[in-house]
Amino acid sequence: VRLYEGKESIEFFTIFQNLVIFKGGASTGYKKYVSENGTEDDTYSDNGVALFRVQGSGPENMQAIQVDTAAPSLNSSYCYILHDGDTLFTWVGNLSSSMDHG
């Protein structure tokens, strides 16, 4: 079975449950690849900040997808989580549905 990003089935989310998708990666394999190849790690910005867009149509397929930490990444139809070190901030877009508010 082949699945495409953004077109995941309910069965996919049933197996993996709630997802957090990082731009770069969080696995040790990714971190090793970055250090060995001198590649830039896009997971967190230089100042340790990451922005995640929360999306899904219900608890069974909710996911947080990392987006660029820039104003153009914000869309009033979604909710967002900003991770800044030990602090989490949330932003609820005024066009987001109550289902998005979790």
# chains A, B, ... in the order shown; residues from 1 in each chain; ligands from 1
$ residues_around --residues "Ala71 of chain A" --least-positions-apart "4" --cutoff "12 Å" --atoms "only C-alpha atoms" --output "PyMOL selection string"
chain A and resi 51+67+75-76+80
$ write_last_selection --atoms "C-alpha atoms" --output "PDB file, in the first residue's frame"
ATOM      1  CA  LEU A  51       6.387  26.115  15.116  1.00  0.00           C
ATOM      2  CA  VAL A  67       6.284  24.727   9.561  1.00  0.00           C
ATOM      3  CA  ASN A  75      -3.180  30.670   8.600  1.00  0.00           C
ATOM      4  CA  SER A  76      -6.277  31.733  10.557  1.00  0.00           C
ATOM      5  CA  TYR A  80      -0.476  26.428  16.169  1.00  0.00           C
TER       6      TYR A  80
END
$ atom_distance --atom1 "atom CA of Asp68 of chain A" --atom2 "atom CA of Val49 of chain A"
9.9 Å
